[in-house]
Structures are given as C-alpha cells and as structure tokens.
file coords01.tsv (TSV, C-alpha atoms)
chain	number	residue	atom	x	y	z
K	1	MET	CA	-17.95	-7.19	-24.64
K	2	ASP	CA	-18.73	-3.99	-22.77
K	3	THR	CA	-20.10	-3.87	-19.21
K	4	LYS	CA	-23.73	-3.35	-20.25
K	5	GLU	CA	-23.63	-6.42	-22.50
K	6	LEU	CA	-22.03	-8.46	-19.72
K	7	ILE	CA	-24.71	-7.42	-17.22
K	8	LYS	CA	-27.38	-8.34	-19.78
K	9	GLU	CA	-25.82	-11.77	-20.29
K	10	ILE	CA	-25.86	-12.33	-16.53
K	11	GLU	CA	-29.50	-11.20	-16.36
K	12	VAL	CA	-30.50	-13.71	-19.07
K	13	ASN	CA	-28.57	-16.51	-17.35
K	14	LEU	CA	-30.20	-15.81	-13.99
K	15	ALA	CA	-33.66	-15.78	-15.56
K	16	GLU	CA	-33.01	-19.07	-17.36
K	17	ASN	CA	-31.79	-20.73	-14.16
K	18	LYS	CA	-34.17	-19.27	-11.58
K	19	ALA	CA	-35.89	-22.62	-11.07
K	20	VAL	CA	-32.54	-24.32	-10.38
K	21	PHE	CA	-32.09	-22.71	-6.96
K	22	THR	CA	-32.61	-24.94	-3.95
K	23	SER	CA	-31.34	-22.38	-1.43
K	24	MET	CA	-33.55	-19.35	-0.88
K	25	GLY	CA	-31.30	-16.86	0.94
K	26	VAL	CA	-29.49	-13.75	-0.25
K	27	LEU	CA	-25.89	-14.95	-0.04
K	28	ASN	CA	-26.28	-18.32	-1.69
K	29	GLY	CA	-29.84	-18.49	-2.96
K	30	LEU	CA	-32.77	-17.12	-4.89
K	31	ALA	CA	-33.20	-13.94	-2.83
K	32	GLY	CA	-29.86	-12.75	-4.19
K	33	VAL	CA	-31.54	-12.54	-7.61
K	34	SER	CA	-34.16	-10.24	-6.07
K	35	LEU	CA	-31.32	-7.93	-5.08
K	36	PHE	CA	-29.96	-8.11	-8.65
K	37	TYR	CA	-33.29	-6.83	-10.01
K	38	TYR	CA	-33.36	-4.16	-7.30
K	39	TYR	CA	-30.11	-2.74	-8.65
K	40	GLN	CA	-31.53	-2.96	-12.17
K	41	ASN	CA	-34.35	-0.74	-10.89
K	42	ASP	CA	-36.89	-3.42	-11.84
K	43	MET	CA	-38.83	-3.40	-8.58
K	44	ASP	CA	-41.68	-5.58	-9.85
K	45	LYS	CA	-39.30	-8.45	-10.64
K	46	SER	CA	-37.39	-7.81	-7.42
K	47	MET	CA	-40.56	-8.23	-5.34
K	48	GLU	CA	-41.70	-11.22	-7.40
K	49	VAL	CA	-38.44	-13.09	-6.77
K	50	LEU	CA	-38.45	-12.10	-3.10
K	51	HIS	CA	-41.91	-13.61	-2.64
K	52	ASP	CA	-40.82	-16.76	-4.52
K	53	ALA	CA	-37.88	-17.07	-2.13
K	54	MET	CA	-40.16	-16.62	0.88
K	55	LYS	CA	-42.51	-19.30	-0.42
K	56	GLY	CA	-39.51	-21.61	-0.83
K	57	LEU	CA	-38.99	-21.65	2.95
K	58	ASN	CA	-41.39	-24.56	3.37
K	59	ASP	CA	-41.49	-28.25	4.24
K	60	GLU	CA	-40.15	-29.13	0.78
K	61	TYR	CA	-37.02	-26.99	1.18
K	62	LYS	CA	-33.98	-28.79	-0.29
K	63	GLY	CA	-31.23	-26.23	0.26
K	64	TYR	CA	-28.30	-26.42	2.63
K	65	ASP	CA	-29.31	-24.23	5.57
K	66	ILE	CA	-32.89	-23.01	5.94
K	67	VAL	CA	-32.04	-21.05	9.09
K	68	ALA	CA	-29.32	-19.08	7.31
K	69	ASP	CA	-31.77	-18.42	4.47
K	70	ILE	CA	-34.42	-17.15	6.90
K	71	ILE	CA	-31.90	-14.76	8.47
K	72	ASP	CA	-30.75	-13.64	5.02
K	73	ILE	CA	-34.27	-12.88	3.84
K	74	ALA	CA	-35.10	-11.06	7.08
K	75	ASN	CA	-32.06	-8.87	6.41
K	76	LEU	CA	-33.22	-8.22	2.84
K	77	VAL	CA	-36.81	-7.46	3.88
K	78	ASP	CA	-35.50	-4.97	6.42
K	79	PHE	CA	-33.37	-3.35	3.72
K	80	TYR	CA	-36.30	-3.09	1.32
K	81	ALA	CA	-38.40	-1.48	4.05
K	82	SER	CA	-35.65	1.08	4.60
K	83	GLN	CA	-35.73	1.81	0.85
K	84	GLY	CA	-39.52	2.16	0.76
K	85	LEU	CA	-40.21	-0.98	-1.30
K	86	LEU	CA	-42.05	-2.58	1.62
K	87	SER	CA	-43.83	-0.97	4.52
K	88	ARG	CA	-42.21	-1.32	7.92
K	89	ALA	CA	-45.31	-3.24	9.03
K	90	GLU	CA	-44.92	-5.76	6.17
K	91	ALA	CA	-41.26	-6.22	7.02
K	92	GLU	CA	-41.96	-6.64	10.72
K	93	GLU	CA	-44.63	-9.26	10.05
K	94	PHE	CA	-42.15	-11.53	8.29
K	95	ILE	CA	-39.16	-10.83	10.49
K	96	SER	CA	-40.89	-11.12	13.87
K	97	SER	CA	-42.47	-14.45	12.89
K	98	ASN	CA	-39.00	-16.00	13.09
K	99	ASP	CA	-37.87	-14.49	16.39
K	100	THR	CA	-38.92	-17.34	18.68
K	101	ILE	CA	-37.23	-20.17	16.78
K	102	LEU	CA	-34.08	-18.11	16.20
K	103	GLU	CA	-33.87	-17.23	19.88
K	104	GLU	CA	-34.16	-20.93	20.77
K	105	LEU	CA	-31.40	-21.79	18.30
K	106	LEU	CA	-29.22	-19.02	19.68
K	107	MET	CA	-29.56	-20.32	23.24
K	108	GLU	CA	-28.76	-23.87	22.09
K	109	SER	CA	-25.65	-22.67	20.27
K	110	LEU	CA	-24.44	-20.78	23.33
K	111	ASP	CA	-24.47	-24.07	25.23
K	112	GLU	CA	-22.14	-25.45	22.54
K	113	ASN	CA	-19.54	-22.68	23.13
K	114	ASN	CA	-19.43	-21.97	19.40
K	115	LEU	CA	-18.97	-18.26	18.68
K	116	ASN	CA	-18.33	-18.61	14.96
K	117	PRO	CA	-19.95	-15.69	13.05
K	118	ILE	CA	-20.80	-17.95	10.11
K	119	ALA	CA	-21.89	-21.21	11.72
K	120	GLY	CA	-22.20	-20.54	15.44
K	121	SER	CA	-23.84	-18.29	18.01
K	122	LEU	CA	-22.89	-15.04	16.34
K	123	LYS	CA	-24.82	-16.03	13.21
K	124	TYR	CA	-27.97	-15.68	15.32
K	125	ALA	CA	-26.66	-12.88	17.53
K	126	ASN	CA	-25.98	-10.62	14.53
K	127	TYR	CA	-29.61	-11.14	13.50
K	128	PHE	CA	-30.73	-9.89	16.91
K	129	VAL	CA	-28.40	-6.91	16.56
K	130	LEU	CA	-30.52	-5.96	13.55
K	131	ARG	CA	-33.70	-6.54	15.57
K	132	GLU	CA	-32.43	-4.36	18.43
K	133	LYS	CA	-31.60	-1.54	16.02
K	134	ARG	CA	-35.20	-1.53	14.78
K	135	ASN	CA	-36.78	-2.16	18.19
K	136	PRO	CA	-34.53	-0.50	20.79
K	137	GLY	CA	-34.58	-2.18	24.17
K	138	SER	CA	-36.42	-5.31	23.03
K	139	TYR	CA	-33.40	-7.59	22.69
K	140	GLN	CA	-30.86	-6.11	25.11
K	141	GLN	CA	-31.23	-8.91	27.64
K	142	LEU	CA	-30.73	-11.57	24.98
K	143	LEU	CA	-27.66	-9.84	23.55
K	144	SER	CA	-26.26	-9.44	27.05
K	145	LYS	CA	-26.38	-13.24	27.42
K	146	VAL	CA	-24.36	-13.57	24.21
K	147	PHE	CA	-21.86	-11.07	25.56
K	148	GLU	CA	-21.51	-13.11	28.75
K	149	LYS	CA	-20.57	-16.15	26.66
K	150	VAL	CA	-18.07	-14.13	24.62
K	151	GLN	CA	-16.56	-12.90	27.87
K	152	GLU	CA	-16.50	-16.42	29.35
K	153	LEU	CA	-14.68	-17.91	26.35
K	154	ALA	CA	-12.05	-15.16	26.11
K	155	ARG	CA	-8.52	-16.31	26.98
K	156	GLU	CA	-5.69	-14.17	28.27
K	157	ASP	CA	-2.39	-14.04	26.41
K	158	ALA	CA	0.49	-13.67	28.85
K	159	LYS	CA	2.94	-12.54	26.17
K	160	SER	CA	0.99	-9.59	24.75
K	161	GLY	CA	-1.30	-8.88	27.68
K	162	GLY	CA	-4.26	-9.11	25.31
K	163	ILE	CA	-7.11	-11.58	24.89
K	164	TYR	CA	-8.13	-14.01	22.15
K	165	TRP	CA	-10.67	-16.68	21.24
K	166	VAL	CA	-10.03	-20.13	19.78
K	167	SER	CA	-11.88	-20.94	16.56
K	168	THR	CA	-14.34	-23.83	16.63
K	169	ILE	CA	-13.55	-24.89	13.06
K	170	PRO	CA	-11.13	-27.84	12.97
K	171	ARG	CA	-8.14	-27.28	10.67
K	172	GLY	CA	-6.20	-30.48	10.15
K	173	GLY	CA	-7.57	-31.83	13.39
K	174	LYS	CA	-6.63	-28.72	15.39
K	175	PHE	CA	-8.59	-25.74	16.67
K	176	LEU	CA	-6.59	-22.61	15.92
K	177	VAL	CA	-6.51	-19.01	17.06
K	178	GLU	CA	-7.69	-17.64	13.73
K	179	LEU	CA	-7.48	-13.88	13.20
K	180	GLY	CA	-9.84	-13.18	10.30
K	181	ILE	CA	-13.13	-11.33	10.06
K	182	LYS	CA	-15.34	-14.32	9.22
K	183	HIS	CA	-14.00	-17.21	11.31
K	184	GLY	CA	-11.60	-15.57	13.73
K	185	ILE	CA	-10.94	-12.94	16.37
K	186	MET	CA	-11.92	-9.96	14.24
K	187	GLY	CA	-15.31	-11.53	13.54
K	188	ILE	CA	-15.98	-11.61	17.29
K	189	VAL	CA	-14.62	-8.07	17.64
K	190	ASP	CA	-16.95	-6.93	14.88
K	191	PHE	CA	-19.93	-8.26	16.87
K	192	LEU	CA	-18.65	-6.53	20.00
K	193	VAL	CA	-18.43	-3.25	18.08
K	194	SER	CA	-22.13	-3.65	17.24
K	195	LEU	CA	-22.92	-4.16	20.94
K	196	TYR	CA	-20.92	-1.05	21.78
K	197	GLN	CA	-22.91	0.94	19.23
K	198	LEU	CA	-26.11	-0.29	20.90
K	199	LYS	CA	-24.73	0.68	24.35
K	200	ILE	CA	-25.09	-2.89	25.63
K	201	GLU	CA	-22.68	-3.71	28.50
K	202	GLU	CA	-20.75	-0.73	27.17
K	203	ASN	CA	-17.77	-0.58	29.53
K	204	GLN	CA	-17.15	-4.33	29.61
K	205	VAL	CA	-17.54	-4.58	25.83
K	206	TYR	CA	-15.00	-1.79	25.41
K	207	ASP	CA	-12.51	-3.64	27.62
K	208	LEU	CA	-12.87	-6.85	25.59
K	209	ILE	CA	-12.40	-5.00	22.31
K	210	LYS	CA	-9.32	-3.28	23.72
K	211	GLY	CA	-7.86	-6.59	24.89
K	212	ALA	CA	-8.46	-8.19	21.50
K	213	MET	CA	-6.83	-5.26	19.72
K	214	ILE	CA	-3.75	-5.56	21.93
K	215	PHE	CA	-3.49	-9.23	20.95
K	216	MET	CA	-4.11	-8.52	17.24
K	217	GLU	CA	-1.46	-5.82	17.05
K	218	ALA	CA	1.06	-8.24	18.54
K	219	GLN	CA	0.42	-10.71	15.67
K	220	LYS	CA	1.58	-8.37	12.91
K	221	ASN	CA	4.14	-9.73	10.50
K	222	PRO	CA	7.11	-7.33	10.73
K	223	THR	CA	7.98	-7.77	7.04
K	224	GLY	CA	6.06	-8.46	3.88
K	225	MET	CA	2.63	-9.81	3.07
K	226	PRO	CA	0.40	-10.92	4.60
K	227	VAL	CA	0.57	-8.25	7.30
K	228	PHE	CA	-1.46	-10.54	9.55
K	229	PRO	CA	-1.04	-14.33	9.42
K	230	PHE	CA	-4.00	-16.67	9.12
K	231	CYS	CA	-3.65	-17.68	12.75
K	232	ALA	CA	-1.54	-17.07	15.85
K	233	ASP	CA	-0.54	-20.74	16.20
K	234	GLU	CA	2.76	-22.19	15.01
K	235	VAL	CA	1.41	-24.37	12.22
K	236	GLN	CA	2.54	-25.02	8.67
K	237	LYS	CA	-0.07	-22.79	7.03
K	238	LYS	CA	0.16	-19.96	9.55
K	239	SER	CA	1.10	-17.41	6.91
K	240	SER	CA	-0.97	-18.81	4.06
K	241	PHE	CA	-1.95	-15.89	1.86
K	242	SER	CA	-5.56	-14.98	1.12
K	243	PHE	CA	-6.76	-11.67	-0.20
K	244	GLY	CA	-10.53	-12.02	-0.50
K	245	LEU	CA	-13.25	-10.82	1.83
K	246	VAL	CA	-13.49	-13.97	3.94
K	247	TYR	CA	-9.89	-14.37	5.12
K	248	GLY	CA	-6.83	-12.18	5.28
K	249	ASP	CA	-5.64	-8.63	5.61
K	250	LEU	CA	-8.45	-6.81	3.83
K	251	GLY	CA	-11.18	-8.12	6.13
K	252	ILE	CA	-9.00	-7.46	9.18
K	253	ALA	CA	-8.45	-3.88	7.95
K	254	TYR	CA	-12.21	-3.38	7.76
K	255	GLY	CA	-12.62	-4.69	11.31
K	256	ILE	CA	-9.94	-2.43	12.76
K	257	LEU	CA	-11.45	0.56	10.95
K	258	ARG	CA	-14.79	-0.19	12.61
K	259	VAL	CA	-13.11	-0.29	16.01
K	260	VAL	CA	-11.56	3.12	15.35
K	261	ASN	CA	-14.69	4.73	13.94
K	262	PHE	CA	-17.25	3.46	16.45
K	263	CYS	CA	-15.35	2.82	19.67
K	264	ASN	CA	-13.26	6.00	19.84
K	265	MET	CA	-10.01	4.01	19.88
K	266	GLU	CA	-8.00	6.59	17.97
K	267	GLU	CA	-4.77	4.94	19.04
K	268	TYR	CA	-5.49	2.25	16.42
K	269	ARG	CA	-6.14	4.64	13.54
K	270	PRO	CA	-2.48	4.46	12.39
K	271	LEU	CA	-2.72	0.64	12.42
K	272	ALA	CA	-5.89	0.72	10.31
K	273	THR	CA	-4.54	3.35	7.91
K	274	ASN	CA	-1.14	1.70	7.46
K	275	LEU	CA	-2.72	-1.72	6.95
K	276	ILE	CA	-5.14	-0.43	4.31
K	277	GLN	CA	-2.37	1.46	2.54
K	278	GLU	CA	-0.16	-1.63	2.61
K	279	VAL	CA	-2.77	-3.97	1.17
K	280	ALA	CA	-3.68	-1.33	-1.42
K	281	LYS	CA	-0.18	-1.70	-2.87
K	282	PHE	CA	-0.64	-5.41	-3.54
K	283	LYS	CA	-1.07	-6.47	-7.17
K	284	ASP	CA	-1.79	-9.93	-8.58
K	285	ASP	CA	-0.92	-9.49	-12.23
K	286	GLU	CA	-0.36	-13.22	-12.73
K	287	GLY	CA	-3.63	-14.25	-11.09
K	288	VAL	CA	-1.87	-16.47	-8.56
K	289	HIS	CA	-3.70	-15.38	-5.42
K	290	VAL	CA	-7.08	-14.22	-6.69
K	291	THR	CA	-8.71	-16.65	-9.10
K	292	ASP	CA	-12.30	-15.38	-9.25
K	293	ALA	CA	-14.36	-12.38	-10.28
K	294	ASN	CA	-16.90	-12.93	-7.49
K	295	LEU	CA	-17.57	-11.04	-4.26
K	296	PHE	CA	-16.47	-13.46	-1.53
K	297	TYR	CA	-13.14	-14.53	-2.98
K	298	GLY	CA	-12.68	-12.46	-6.11
K	299	VAL	CA	-11.64	-9.17	-7.64
K	300	LEU	CA	-15.04	-7.48	-7.46
K	301	GLY	CA	-15.32	-8.15	-3.73
K	302	ILE	CA	-11.88	-6.62	-3.21
K	303	ALA	CA	-12.74	-3.58	-5.35
K	304	SER	CA	-16.10	-3.16	-3.60
K	305	LEU	CA	-14.65	-3.28	-0.10
K	306	PHE	CA	-11.92	-0.80	-1.02
K	307	GLN	CA	-14.68	1.43	-2.42
K	308	LYS	CA	-16.60	1.34	0.86
K	309	ILE	CA	-13.41	1.99	2.83
K	310	LYS	CA	-12.69	4.98	0.58
K	311	GLU	CA	-16.18	6.38	1.22
K	312	ASN	CA	-15.98	5.87	4.99
K	313	SER	CA	-12.45	6.98	5.83
K	314	ASP	CA	-10.04	9.80	5.09
K	315	ILE	CA	-7.52	7.42	3.54
K	316	GLU	CA	-6.38	8.86	0.22
K	317	GLY	CA	-5.09	7.29	-2.97
K	318	LEU	CA	-7.41	4.26	-3.17
K	319	GLU	CA	-8.87	5.13	-6.59
K	320	GLU	CA	-6.09	3.38	-8.51
K	321	THR	CA	-6.42	0.25	-6.36
K	322	ILE	CA	-10.20	0.13	-6.88
K	323	ALA	CA	-9.82	0.56	-10.64
K	324	TYR	CA	-7.10	-2.11	-10.79
K	325	TRP	CA	-9.19	-4.82	-9.14
K	326	ALA	CA	-12.45	-3.94	-10.90
K	327	SER	CA	-10.73	-3.92	-14.30
K	328	LYS	CA	-9.61	-7.54	-13.85
K	329	THR	CA	-13.21	-8.85	-13.91
K	330	LYS	CA	-13.27	-9.74	-17.59
K	331	GLU	CA	-10.03	-11.73	-17.27
K	332	PHE	CA	-12.12	-14.41	-15.55
K	333	LYS	CA	-14.78	-14.62	-18.27
K	334	SER	CA	-14.71	-17.64	-20.54
K	335	GLU	CA	-17.00	-18.83	-23.30
K	336	THR	CA	-16.81	-22.40	-22.06
K	337	THR	CA	-18.79	-22.15	-18.81
K	338	ALA	CA	-22.54	-22.33	-18.27
K	339	TRP	CA	-22.77	-19.35	-15.93
K	340	ALA	CA	-22.50	-16.32	-18.24
K	341	GLY	CA	-18.86	-17.23	-18.76
K	342	PHE	CA	-17.86	-17.28	-15.08
K	343	ASP	CA	-16.88	-20.18	-12.84
K	344	THR	CA	-16.34	-19.95	-9.10
K	345	THR	CA	-13.20	-21.58	-7.71
K	346	PHE	CA	-14.81	-22.56	-4.40
K	347	ASN	CA	-17.99	-24.67	-4.38
K	348	LYS	CA	-17.91	-24.87	-8.17
K	349	PHE	CA	-20.11	-27.97	-8.23
K	350	ASP	CA	-22.90	-26.20	-6.34
K	351	THR	CA	-25.31	-24.59	-8.79
K	352	ASN	CA	-26.57	-22.26	-6.05
K	353	ALA	CA	-23.04	-20.93	-5.59
K	354	GLN	CA	-22.46	-20.39	-9.31
K	355	LEU	CA	-25.58	-18.23	-9.52
K	356	SER	CA	-25.35	-16.57	-6.12
K	357	LEU	CA	-24.56	-13.18	-4.66
K	358	SER	CA	-21.54	-14.38	-2.68
K	359	HIS	CA	-19.80	-16.80	-5.04
K	360	GLY	CA	-21.51	-16.31	-8.36
K	361	ILE	CA	-22.92	-14.22	-11.16
K	362	ALA	CA	-25.68	-12.42	-9.24
K	363	GLY	CA	-22.99	-10.75	-7.15
K	364	ILE	CA	-20.79	-10.12	-10.18
K	365	GLY	CA	-23.69	-8.44	-11.97
K	366	ILE	CA	-24.65	-6.33	-8.94
K	367	ALA	CA	-21.07	-5.13	-8.46
K	368	LEU	CA	-20.71	-4.28	-12.16
K	369	MET	CA	-23.92	-2.22	-12.03
K	370	ASN	CA	-22.68	-0.32	-8.99
K	371	PHE	CA	-19.32	0.46	-10.58
K	372	GLN	CA	-21.00	1.40	-13.85
K	373	ASP	CA	-23.42	3.81	-12.14
K	374	GLN	CA	-21.09	4.81	-9.28
K	375	SER	CA	-23.88	3.77	-6.94
K	376	ASN	CA	-23.85	3.21	-3.16
K	377	PHE	CA	-22.41	-0.34	-2.96
K	378	ASP	CA	-24.92	-1.14	-0.20
K	379	TYR	CA	-24.90	-4.81	-1.21
K	380	MET	CA	-21.76	-5.15	0.90
K	381	HIS	CA	-24.06	-5.06	3.92
K	382	PHE	CA	-25.38	-8.50	2.95
K	383	LEU	CA	-21.86	-9.87	2.91
K	384	GLY	CA	-21.40	-8.66	6.48
K	385	TYR	CA	-19.56	-5.39	5.81
K	386	THR	CA	-21.46	-2.53	7.43
K	387	PHE	CA	-20.05	0.97	7.77
call {"tool": "encode", "arguments": {"input": "coords01.tsv", "output": "structure tokens"}}
result
Amino acid sequence: MDTKELIKEIEVNLAENKAVFTSMGVLNGLAGVSLFYYYQNDMDKSMEVLHDAMKGLNDEYKGYDIVADIIDIANLVDFYASQGLLSRAEAEEFISSNDTILEELLMESLDENNLNPIAGSLKYANYFVLREKRNPGSYQQLLSKVFEKVQELAREDAKSGGIYWVSTIPRGGKFLVELGIKHGIMGIVDFLVSLYQLKIEENQVYDLIKGAMIFMEAQKNPTGMPVFPFCADEVQKKSSFSFGLVYGDLGIAYGILRVVNFCNMEEYRPLATNLIQEVAKFKDDEGVHVTDANLFYGVLGIASLFQKIKENSDIEGLEETIAYWASKTKEFKSETTAWAGFDTTFNKFDTNAQLSLSHGIAGIGIALMNFQDQSNFDYMHFLGYTF
C-alpha cells in the first residue's frame, strides 16, 4: 500500500468514526480531524468539523477534560485566523469568551503549587502566552504572577549551583525531579523562554533559565543512551529509556535549542548540537523502544520533530535520520485493527486516542501528508513544539 492509499484509508476511517468522539479538542478529540482536512486542503470539511467540535463544548460534554479541549480549540482557531480561514475578529470572539474562566482556573492552580505543563498551572499559562502574543500588554500582569510562582517553587542545588523544580506527578508514591519537556524541568524552562520572548520580567526570567540550564547540564549521562536520565533522583527507573516526544532526550534537545535560539545563551549551543547529533545516531531496528507510528510516542513524531529541528538549526546530516524514522511507519500497520490498521500502545482502550492527533490516526495521516508534500509540519505547534 502506497502513502496515498494509506492516507485515504485513514480519511475513510475518520469519517466513519466522527460520531464516536467524546472529546472535542485538537490533541485528543474531534478538532484534530478538522486539522486533518486542513492538510487535505478541504477547507469546507475542516470548518464543518471545527464548528461541530465547538458545538460539542456544551452541558452534554462527555469527554475527559473540557478545559483542555477549550484551550486546544482556541489554539486551532488562532491558527486558522493566521492562515486566513477565519477572520481575526471571528477568532477573537471565540477565544476571548473563555478568558475569564481560564484566568480563574489559572489562579486556583497557582494556589495548588502545581506547575505541570500538561495538568497544572502552565497548561493555562501557555494559553495566556498565546493571548499576550496577539494582544501585547493585555496579559503581562497575569503572566508575571505565574512567573512569581515559578520563582517561588524553584529550589537551589548545592552540588551544581543550579536550580530545579520537583514534579507534582507521583511516581511510585514519590515526587521526582523529572527532567523532560512535558512533565519536568525543561517544560518549565520552555514556558520561561516564552516569557523571555515577550519581555516579561526579562532579567529575572533569564536568571532562572540560566540556573536551570546549569542544573540540567550537570545531569548528563557521561556514557551511552539516554544522554539525560528520566529524573535526577536515585530511583530504580532513573535511566529508563524513552525516545518519543513526551519524555526523553529528543524533547530535551528541543528545549535546549529554544534556550539557545531565543535567549542568546550561545554557551549551550554545543550542548544542544551534540545532544541532537547523539540522538540522531540512535536506531531501533528491532522495535524495542518505539512501538507506535503515532506522533506523541511513535516514529512519525520523532521524524517530524527532527524535521523541524533541521529547518530551524544549522545542524547538518539529519536527512538520513528523518527518512529512517518516517520509513518505519508501515511496520506498525496491521489488517487486524479497527483504526485503519494502527493501534496505539498507550491509551489503546480509549477510542478518542485511537482516532486522535496525538496518539492516533489523525496525527499519522497529517504527518504522512506533510512528508509526502514536503510541507511545513506546522502541526507540531499543537503538540507543544514551537520554533
């Protein structure tokens, strides 16, 4: 089966299962299908599905996280406005209608001392970063309050002289100093980089980023993979290996590259370059570490992030790595599954996930279209990877 046939099979499967979605967002819901049609250049269907997703944010909502879905759709609406599919006024009408409740939720989460980018304060704060970009000066005070909490919760590390934050996700009954881009230190650093770009508390933000980078560099594994462990704590799974977008070296490499590119910390360019070159060498011919085709945990997410790194850095020799990971997609296709032949490893019993942008076939189809057309890979923005 060639790529065009595979994309068509995914399109048919999404159409047949559109009514199955209970979540409405981009990452794990119906709005991700809107993005699929956008990349198919079928703007009528894209807008139709977007409006269906918006209508699904009602009192009968049965998904997992209506707030996350609202933020997702606001992000998508903003993107469509930037592409000329919606007017800026139409986008602003939807997005601004959610500001008050999201600000209240942000303030509540700050009281809980939960900085997690996925499930805590930074989930809301990153939304207001988007709002500040579109409406300069309107959300600076709010984002400054978030920064104050980030600063308050930072801990000093006597050994390295750097700073770190403790994750709020319990792992085996413990709260660990996780390093990754989604649940750990680099996720907080990534938010701080956005504040620095917006010139919010610029000098103090710079100092925090610098302190975190000192700590991160001290955590490097001197030999072998992973280059960075899962956490800085001495626990059994400290060096557990993950190579997708959510955990592990590749996401950390992206975060360090952002620090270099946007914060003028050239002293960390060798760290970013060497890390990317090191992870680019890794192969998984036996399929031991990467068991999916999808974007969050699979080969197409890896290939897509390497593609964006290639486009936004002067690091050479990534073409072979990109081709290697993208070519493995069809290894994960089977005739025995209900989702166009694919089956996500994580959350496999969630129909939303199987169909979604992040875990499922909507994302697989979108990535295949971008590789087929050598397009812009802008869908990575919705997964939290912005260059």
call {"tool": "closest_residue", "arguments": {"input": "coords01.tsv", "among": "K:Asn126, K:Tyr324, K:Lys174, K:Glu202", "to": "Gln236 (chain K)", "atoms": "all atoms listed in the file"}}
result
K:Lys174
call {"tool": "closest_residue", "arguments": {"input": "coords01.tsv", "among": "K:Ile71, K:Leu50, K:Ile163, K:Ile101", "to": "Leu130 (chain K)", "atoms": "all atoms listed in the file"}}
result
K:Ile71
call {"tool": "closest_residue", "arguments": {"input": "coords01.tsv", "among": "K:Ala232, K:Glu103, K:Gln374, K:Gln219", "to": "Glu311 (chain K)", "atoms": "only C-alpha atoms"}}
result
K:Gln374
call {"tool": "residues_around", "arguments": {"input": "coords01.tsv", "residues": "Leu153 (chain K)", "least_positions_apart": "4", "cutoff": "9 Å", "atoms": "all atoms listed in the file", "output": "list in words"}}
result
Asn113, Leu115, Glu148, Lys149, Tyr164, Trp165 and Val166 of chain K
call {"tool": "residues_around", "arguments": {"input": "coords01.tsv", "residues": "Ala68 (chain K)", "least_positions_apart": "2", "cutoff": "9 Å", "atoms": "all atoms listed in the file", "output": "list in words"}}
result
Gly25, Tyr64, Asp65, Ile66, Ile70, Ile71, Asp72, Ile73, Ala119, Lys123 and Tyr124 of chain K
call {"tool": "atom_distance", "arguments": {"input": "coords01.tsv", "atom1": "CA of Gly84 (chain K)", "atom2": "CA of Asn376 (chain K)"}}
result
16.2 Å
call {"tool": "axis_aligned_box", "arguments": {"input": "coords01.tsv", "around": "region 156-159 of chain K", "padding_each_side": "8 Å", "output": "AutoDock Vina command-line options"}}
result
--center_x -1.4 --center_y -13.4 --center_z 27.5 --size_x 24.6 --size_y 17.6 --size_z 18.7
call {"tool": "residues_around", "arguments": {"input": "coords01.tsv", "residues": "Thr22 (chain K)", "least_positions_apart": "6", "cutoff": "12 Å", "atoms": "all atoms listed in the file", "output": "list in words"}}
result
Asn28, Gly29, Leu30, Ala31, Asp52, Ala53, Lys55, Gly56, Leu57, Asn58, Glu60, Tyr61, Lys62, Gly63, Tyr64, Asp65, Ile66, Asp69, Asp350, Thr351, Asn352, Ala353, Leu355 and Ser356 of chain K
call {"tool": "atom_distance", "arguments": {"input": "coords01.tsv", "atom1": "CA of Ala81 (chain K)", "atom2": "CA of Leu195 (chain K)"}}
result
23.1 Å
call {"tool": "closest_residue", "arguments": {"input": "coords01.tsv", "among": "K:Asp343, K:Asp249, K:Asp314, K:Asp378", "to": "Ala293 (chain K)", "atoms": "only C-alpha atoms"}}
result
K:Asp343
